[in-house]
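Asks: Dropping in protein_35.txt, which is compact mmCIF, C-alpha atoms:
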# COMPACT_ATOMS: atom_id res chain seq x y z
CA MET A 88 9.27 -23.83 -33.16
CA ARG A 89 12.43 -25.16 -31.49
CA LEU A 90 14.99 -23.37 -29.37
CA THR A 91 18.24 -24.41 -27.76
CA GLY A 92 18.77 -23.92 -24.05
CA ASP A 93 20.99 -20.93 -24.72
CA GLU A 94 18.40 -19.28 -26.95
CA ALA A 95 15.69 -19.84 -24.36
CA LYS A 96 17.93 -18.44 -21.63
CA GLU A 97 18.70 -15.41 -23.78
CA ALA A 98 14.97 -14.80 -24.37
CA LEU A 99 14.22 -15.03 -20.65
CA ASP A 100 17.07 -12.64 -19.90
CA ILE A 101 15.67 -10.15 -22.43
CA ILE A 102 12.23 -10.42 -20.82
CA GLU A 103 13.62 -9.86 -17.34
CA GLU A 104 15.70 -6.89 -18.48
CA VAL A 105 12.79 -5.20 -20.31
CA LYS A 106 10.45 -5.78 -17.36
CA ARG A 107 12.99 -4.40 -14.90
CA LYS A 108 13.65 -1.31 -17.01
CA THR A 109 9.93 -0.70 -17.57
CA ASP A 110 9.26 -1.05 -13.85
CA ARG A 111 11.94 1.46 -13.02
CA LYS A 112 10.89 3.87 -15.75
CA VAL A 113 7.24 3.79 -14.69
CA ALA A 114 8.23 4.34 -11.07
CA GLY A 115 10.49 7.20 -12.17
CA GLU A 116 7.74 8.86 -14.22
CA GLU A 117 5.41 8.65 -11.26
CA ALA A 118 7.94 9.91 -8.78
CA PHE A 119 9.22 12.78 -10.94
CA GLN A 120 6.30 15.17 -10.47
CA GLN A 121 5.91 14.34 -6.81
CA LEU A 122 9.59 14.86 -6.09
CA LEU A 123 9.60 18.08 -8.08
CA LEU A 124 6.56 19.41 -6.21
CA TRP A 125 7.87 18.49 -2.76
CA GLY A 126 11.38 19.58 -3.64
CA ILE A 127 10.06 23.07 -4.39
CA ILE A 128 7.96 23.11 -1.21
CA TRP A 129 10.91 21.87 0.85
CA PHE A 130 13.03 24.61 -0.66
CA VAL A 131 10.55 27.49 -0.33
CA PHE A 132 9.35 26.72 3.21
CA PRO A 133 12.75 26.80 4.98
CA MET A 134 13.87 29.81 2.95
CA TRP A 135 10.67 31.64 3.90
CA VAL A 136 11.24 30.85 7.57
CA PHE A 137 14.89 31.90 7.27
CA LEU A 138 14.21 35.19 5.46
CA LYS A 139 11.08 35.92 7.56
CA PRO A 140 9.00 37.78 4.97
CA GLN A 141 5.42 38.66 5.95
CA PRO A 142 2.80 37.29 6.26
CA TYR A 143 4.52 34.57 8.29
CA TRP A 144 1.71 32.01 7.97
CA VAL A 145 1.84 31.77 4.16
CA PRO A 146 4.41 28.94 3.98
CA LEU A 147 2.28 26.76 6.24
CA LEU A 148 -0.28 26.64 3.44
CA LEU A 149 2.29 24.96 1.22
CA PHE A 150 1.83 21.60 2.92
CA PRO A 151 -1.93 21.12 2.50
CA PHE A 152 -1.54 22.66 -0.98
CA GLY A 153 1.14 20.04 -1.73
CA GLY A 154 -1.14 17.31 -0.42
CA VAL A 155 -3.98 18.38 -2.73
CA ILE A 156 -1.67 18.62 -5.76
CA THR A 157 -0.17 15.22 -4.88
CA THR A 158 -3.67 13.72 -4.93
CA ILE A 159 -4.51 15.41 -8.24
CA ILE A 160 -1.27 14.18 -9.83
CA ALA A 161 -1.86 10.68 -8.53
CA ARG A 162 -5.37 10.59 -10.01
CA SER A 163 -4.35 12.07 -13.35
CA LYS A 164 -1.57 9.50 -13.66
CA ARG A 165 -4.15 6.79 -14.13
CA HIS A 166 -4.51 8.08 -17.66
CA ALA A 167 -0.83 8.37 -18.47
CA VAL A 168 1.85 5.80 -17.79
CA ASN A 169 -0.36 4.68 -15.04
CA ASN A 170 -0.15 2.38 -12.16
CA PRO A 171 -2.80 1.49 -9.61
CA SER A 172 -0.32 2.17 -6.85
CA ASN A 173 -0.70 5.88 -7.56
CA PRO A 174 -3.99 6.54 -5.80
CA LYS A 175 -2.67 4.36 -2.98
CA GLY A 176 0.44 6.51 -2.96
CA ALA A 177 -1.67 9.61 -2.41
CA VAL A 178 -3.56 7.89 0.41
CA LEU A 179 -0.22 6.88 1.91
CA TRP A 180 0.92 10.51 2.02
CA TRP A 181 -2.34 11.69 3.56
CA VAL A 182 -2.02 9.01 6.23
CA LEU A 183 1.55 10.17 6.76
CA PHE A 184 0.44 13.78 7.26
CA MET A 185 -2.05 12.68 9.89
CA VAL A 186 0.46 10.44 11.67
CA ILE A 187 3.09 13.18 11.67
CA GLY A 188 0.53 15.61 13.08
CA LEU A 189 -0.51 13.12 15.73
CA LEU A 190 3.06 12.18 16.69
CA ALA A 191 4.09 15.84 16.77
CA PHE A 192 1.15 16.48 19.12
CA ILE A 193 2.31 13.67 21.41
CA VAL A 194 6.07 14.28 21.22
CA GLN A 195 5.70 18.06 21.12
CA PRO A 196 8.98 19.14 19.55
CA GLU A 197 10.11 22.29 21.32
CA THR A 198 11.53 24.33 18.51
CA MET A 199 10.45 25.03 14.96
CA GLU A 200 13.67 23.34 13.77
CA GLN A 201 12.89 20.17 15.69
CA CYS A 202 9.32 20.19 14.41
CA TYR A 203 10.44 20.55 10.80
CA SER A 204 13.15 17.87 11.21
CA PHE A 205 10.55 15.57 12.69
CA GLY A 206 8.30 16.03 9.64
CA CYS A 207 11.14 15.58 7.16
CA ILE A 208 12.47 12.42 8.80
CA SER A 209 8.95 10.97 9.00
CA ALA A 210 8.51 11.57 5.25
CA MET A 211 11.90 10.01 4.59
CA LEU A 212 10.88 6.98 6.63
CA VAL A 213 8.15 6.38 4.05
CA PHE A 214 10.71 6.78 1.25
CA MET A 215 12.96 4.22 2.90
CA VAL A 216 10.13 1.72 3.35
CA ILE A 217 9.09 2.20 -0.30
CA GLY A 218 12.75 1.78 -1.25
CA ILE A 219 13.13 -1.50 0.61
CA TYR A 220 10.07 -2.97 -1.07
CA SER A 221 10.32 -1.52 -4.57
CA ASP A 222 13.23 0.58 -5.73
CA LEU A 223 16.46 0.91 -3.74
CA PHE A 224 16.92 4.42 -5.11
CA PHE A 225 14.29 5.70 -2.66
CA LEU A 226 16.03 3.97 0.22
CA TYR A 227 19.29 5.76 -0.59
CA LEU A 228 17.45 9.06 -1.04
CA GLY A 229 15.72 8.61 2.32
CA VAL A 230 18.99 7.82 4.08
CA ALA A 231 20.76 10.78 2.43
CA VAL A 232 18.07 13.34 3.30
CA THR A 233 17.72 11.99 6.85
CA SER A 234 21.49 12.41 7.27
CA PHE A 235 21.27 15.98 5.96
CA VAL A 236 18.44 16.75 8.40
CA LEU A 237 20.47 15.44 11.34
CA LEU A 238 23.56 17.36 10.25
CA GLY A 239 21.51 20.53 9.89
CA LEU A 240 19.84 20.06 13.26
CA TYR A 241 22.91 19.14 15.33
CA VAL A 242 26.00 20.35 13.46
CA PHE A 243 25.02 23.35 11.35
CA THR A 244 22.36 24.61 13.74
CA PRO A 245 22.70 28.36 13.01
CA LEU A 246 22.30 27.63 9.31
CA PHE A 247 19.53 25.09 9.76
CA TRP A 248 16.90 26.69 7.49
CA PRO A 249 19.03 27.48 4.44
CA TRP A 250 20.77 24.12 4.98
CA MET A 251 17.40 22.37 4.81
CA ALA A 252 16.35 24.39 1.77
CA PHE A 253 19.44 23.40 -0.19
CA PHE A 254 20.09 19.89 1.11
CA GLY A 255 16.49 18.83 1.85
CA GLY A 256 14.58 20.48 -0.97
CA GLY A 257 17.63 20.37 -3.22
CA SER A 258 18.02 16.60 -2.77
CA LEU A 259 14.43 16.01 -3.83
CA LEU A 260 14.82 18.26 -6.89
CA ILE A 261 18.04 16.55 -7.94
CA ALA A 262 16.41 13.15 -7.41
CA ALA A 263 13.48 14.21 -9.62
CA VAL A 264 15.76 15.37 -12.44
CA TYR A 265 17.91 12.25 -12.14
CA LEU A 266 14.92 9.89 -12.30
CA LYS A 267 13.37 11.67 -15.26
CA TYR A 268 16.38 12.36 -17.43
CA PHE A 269 19.42 10.35 -16.43
CA ARG A 270 18.47 6.99 -15.03
CA LYS A 271 18.54 4.21 -17.61
CA MET B 215 3.73 -25.96 -22.95
CA GLU B 216 4.46 -24.72 -26.45
CA LEU B 217 6.52 -21.82 -27.61
CA ASN B 218 4.50 -19.04 -29.19
CA SER B 219 6.08 -17.91 -32.47
CA MET B 220 3.89 -14.78 -32.56
CA ILE B 221 5.32 -13.64 -29.22
CA HIS B 222 8.85 -14.93 -29.62
CA GLN B 223 9.84 -12.54 -32.42
CA GLN B 224 12.52 -10.16 -30.95
CA VAL B 225 10.54 -6.92 -30.99
CA ARG B 226 7.22 -8.45 -30.00
CA LEU B 227 8.88 -10.30 -27.13
CA ARG B 228 10.14 -6.99 -25.78
CA ILE B 229 6.77 -5.30 -26.30
CA MET B 230 5.00 -8.09 -24.42
CA ALA B 231 7.63 -8.03 -21.68
CA ALA B 232 7.21 -4.27 -21.21
CA LEU B 233 3.41 -4.51 -21.12
CA SER B 234 3.51 -7.47 -18.77
CA ALA B 235 5.47 -5.37 -16.28
CA LEU B 236 2.31 -3.33 -15.69
CA HIS B 237 -0.60 -4.37 -13.53
CA ASP B 238 -3.77 -5.85 -15.06
CA ASP B 239 -5.69 -2.64 -15.70
CA ASP B 240 -2.72 -0.46 -16.47
CA ILE B 241 -2.20 1.29 -19.74
CA ILE B 242 0.99 2.49 -21.33
CA ASP B 243 1.39 5.29 -23.83
CA PHE B 244 2.64 4.54 -27.37
CA SER B 245 5.37 7.17 -27.24
CA PHE B 246 6.53 5.97 -23.82
CA LEU B 247 6.86 2.42 -25.13
CA LYS B 248 8.57 3.59 -28.30
CA LYS B 249 11.17 5.48 -26.29
CA GLN B 250 11.53 2.70 -23.78
CA LEU B 251 12.26 0.07 -26.42
CA GLY B 252 14.16 2.38 -28.78
CA LEU B 253 11.90 1.69 -31.77
CA THR B 254 10.59 3.83 -34.61
CA ASP B 255 6.90 4.69 -34.99
CA GLY B 256 6.54 2.41 -38.00
CA ASN B 257 8.35 -0.54 -36.49
CA LEU B 258 6.46 -0.39 -33.22
CA GLY B 259 3.14 0.24 -35.01
CA SER B 260 3.45 -2.80 -37.27
CA HIS B 261 4.26 -5.15 -34.41
CA LEU B 262 1.48 -3.73 -32.28
CA LEU B 263 -0.96 -4.37 -35.10
CA LYS B 264 0.07 -8.03 -35.22
CA LEU B 265 -0.30 -8.39 -31.47
CA GLU B 266 -3.67 -6.62 -31.57
CA ASN B 267 -4.90 -8.90 -34.35
CA ALA B 268 -3.86 -11.89 -32.26
CA GLY B 269 -5.96 -10.47 -29.40
CA TYR B 270 -2.94 -10.10 -27.14
CA ILE B 271 -3.08 -6.36 -26.65
CA HIS B 272 -5.78 -3.73 -26.58
CA VAL B 273 -5.07 -0.51 -28.47
CA ASP B 274 -7.09 2.57 -27.62
CA LYS B 275 -6.63 5.52 -29.99
CA ARG B 276 -8.12 8.83 -28.96
CA PHE B 277 -7.55 12.56 -28.82
CA VAL B 278 -6.52 14.40 -25.70
CA GLY B 279 -7.30 18.00 -26.66
CA LYS B 280 -5.85 18.21 -30.15
CA LYS B 281 -3.15 15.62 -29.57
CA PRO B 282 -3.62 12.05 -30.72
CA ARG B 283 -2.89 9.51 -28.07
CA THR B 284 -2.56 5.75 -28.21
CA ASP B 285 -2.91 3.75 -25.03
CA LEU B 286 -1.86 0.14 -24.90
CA ARG B 287 -2.49 -2.65 -22.50
CA LEU B 288 -2.18 -6.39 -22.36
CA THR B 289 -5.44 -8.35 -22.66
CA LEU B 290 -6.10 -11.34 -20.40
CA LYS B 291 -5.51 -13.57 -23.42
CA GLY B 292 -2.20 -11.80 -24.06
CA ARG B 293 -1.10 -12.07 -20.46
CA SER B 294 -1.80 -15.79 -20.27
CA ALA B 295 -0.19 -16.43 -23.68
CA PHE B 296 2.90 -14.58 -22.50
CA GLU B 297 2.97 -16.53 -19.24
CA GLU B 298 2.70 -19.78 -21.19
CA HIS B 299 5.51 -18.70 -23.49
CA MET B 300 7.73 -17.94 -20.51
CA GLN B 301 6.84 -21.30 -18.98
CA ALA B 302 7.85 -23.00 -22.22
CA LEU B 303 11.15 -21.12 -22.21
CA ARG B 304 11.78 -22.15 -18.61
CA GLN B 305 11.02 -25.76 -19.46
CA ILE B 306 13.67 -25.69 -22.19
CA ILE B 307 16.35 -24.54 -19.80
CA GLY B 308 15.07 -27.05 -17.26
CA ASP B 309 14.03 -24.51 -14.63
Just give me the structure of the file as structure tokens.

Replies:
Amino acid sequence: MRLTGDEAKEALDIIEEVKRKTDRKVAGEEAFQQLLLWGIIWFVFPMWVFLKPQPYWVPLLLFPFGGVITTIIARSKRHAVNNPSNPKGAVLWWVLFMVIGLLAFIVQPETMEQCYSFGCISAMLVFMVIGIYSDLFFLYLGVAVTSFVLLGLYVFTPLFWPWMAFFGGGSLLIAAVYLKYFRK
Amino acid sequence: MELNSMIHQQVRLRIMAALSALHDDDIIDFSFLKKQLGLTDGNLGSHLLKLENAGYIHVDKRFVGKKPRTDLRLTLKGRSAFEEHMQALRQIIGD
């Protein structure tokens, strides 16, 4: 079998393109359910706080609930379009929860808004790190949501909770839909 | 390094490239791959059979509930054959 330089180059280009697209698609499939789950939680929690329905403690359960579901999704993904980074991803989020809890204990944000912003920005830090090392999409998402959090906290303070529901939770939901259905 | 004519065929090259994007123990679903590469069931199936017969991929057919499911992954032999093929391509372009 003989090939010209151009034919060999074309074959290598095809390989690179297919690998890149597969990488992105697999990452998107994995991220879709997680983003959807956390998008809903990030929408419901601030709206609950804003509307103040009783019992007040219910939304706090969303976060450990989300953690458990994240772990279950990560484990089940090993049998779908799977990737060994999934279980590590779940561990990463559990570590994040603990670090956020620990840092919050040390820093002691004074208001509920500061506390929530702290948690959101910490989660987005992980997105940005993942984005730098794997898929730039997560870097942009992290930067966008962090900007929304800061705007909500310092500019639109009276509307902080609905702002966070729509721009925090909403961003994650839009990102999930984009990754699953629109990104090539 | 020699070019591998089994791998170099257009569709099989893309199948191998997609599977090689996964980690060693990873599996990929038939329908995911079909959609990803824009192939029909028959076209993908026939090329997978050739790659399976060559020992380059492992095909695991099973039922999940009542739904049939086909998982695919690259074998070690397939991964090294694909690496060699890429090396041969790089040699041609003098990389």

Asks: What is the distance, in Å and to one decimal place, between atom CA of A:Thr109 and atom CA of A:Val232?

Replies: 26.4 Å

Asks: Quick one: residues within 10 Å of A:Met88, only C-alpha atoms counted, chain neighbours fewer than 3 positions away excluded, as a list in words?

Replies: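 Listed by chain and then number, they are Glu216, Leu217, Asn218, Ser219 and His222 of chain B.
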
Asks: So that I can see what lies close to stretch 133-146 of chain A, please list as a list in words the residues with an atom at most 8 Å from it, counting all atoms listed in the file and leaving out residues fewer than 2 positions away in the same chain.

Replies: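 Listing them by chain and then by number gives Trp129, Phe130, Val131, Leu148, Leu149, Phe150, Trp248, Pro249, Met251 and Ala252 of chain A.
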
Asks: May I have the residues from that selection written out with C-alpha atoms, as a PDB file, in the coordinates of the input?

Replies:
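So part.pdb came out as:
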ATOM      1  CA  TRP A 129      10.910  21.870   0.850  1.00  0.00           C
ATOM      2  CA  PHE A 130      13.030  24.610  -0.660  1.00  0.00           C
ATOM      3  CA  VAL A 131      10.550  27.490  -0.330  1.00  0.00           C
ATOM      4  CA  LEU A 148      -0.280  26.640   3.440  1.00  0.00           C
ATOM      5  CA  LEU A 149       2.290  24.960   1.220  1.00  0.00           C
ATOM      6  CA  PHE A 150       1.830  21.600   2.920  1.00  0.00           C
ATOM      7  CA  TRP A 248      16.900  26.690   7.490  1.00  0.00           C
ATOM      8  CA  PRO A 249      19.030  27.480   4.440  1.00  0.00           C
ATOM      9  CA  MET A 251      17.400  22.370   4.810  1.00  0.00           C
ATOM     10  CA  ALA A 252      16.350  24.390   1.770  1.00  0.00           C
TER      11      ALA A 252
END

Asks: Would you mind telling me which residue in A:Ile101, A:Leu246, A:Val216, A:Met185 lies nearest to chain B when using only C-alpha atoms?

Replies: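 Ranked by minimum distance to chain B, first place goes to A:Ile101.
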
Asks: Which residue gives the smallest distance to B:His237 among B:Asn257, B:Gln224, B:Gln250, B:Thr289, with all atoms listed in the file counted?

Replies: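 Closest candidate: B:Thr289.
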
Asks: Calculated over all atoms listed in the file, which of the candidates B:Gly308, B:Phe246, B:Lys264, B:Arg276 has the smallest distance to A:Glu116?

Replies: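 So, comparing all the options, the nearest one is B:Phe246.
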
Asks: With distances taken over only C-alpha atoms, which residue among B:Gly292, B:Asp274, B:Gly259, B:Gly269 lies nearest chain A?

Replies: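 Selected residue with least distance to chain A: B:Asp274.
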
Asks: Would you kindly return, as a VMD selection string, each protein, DNA or RNA residue with an atom no farther than 9 Å from any atom of A:Asp222, considering all atoms listed in the file and excluding same-chain residues fewer than 4 positions away?

Replies: chain A and resid 111 114 217 to 218 226

Asks: Taking (18.5, 16.2, -6.6) in the file's coordinates as the center, which residues reach within 12 Å of it, counting only C-alpha atoms, put as a PyMOL selection string?

Replies: chain A and resi 119+122-123+125-127+130+224-225+228+231-232+252-269

Asks: Near chain A, which residues of chain B fall within 12 Å when you count all atoms listed in the file, and what do they look like as a ChimeraX atom specification?

Replies: /B:215-252,274,276,278,283-287,296-297,299-309

Asks: What is the distance, in Å and to one decimal place, between atom CA of A:Ser209 and atom CA of A:Phe132?

Replies: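 Pair atom CA of A:Ser209 / atom CA of A:Phe132 returns 16.8 Å.
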
Asks: So how many Å separate atom CA of B:Leu288 and atom CA of B:Leu253, to one decimal?

Replies: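 It comes out at 18.8 Å.
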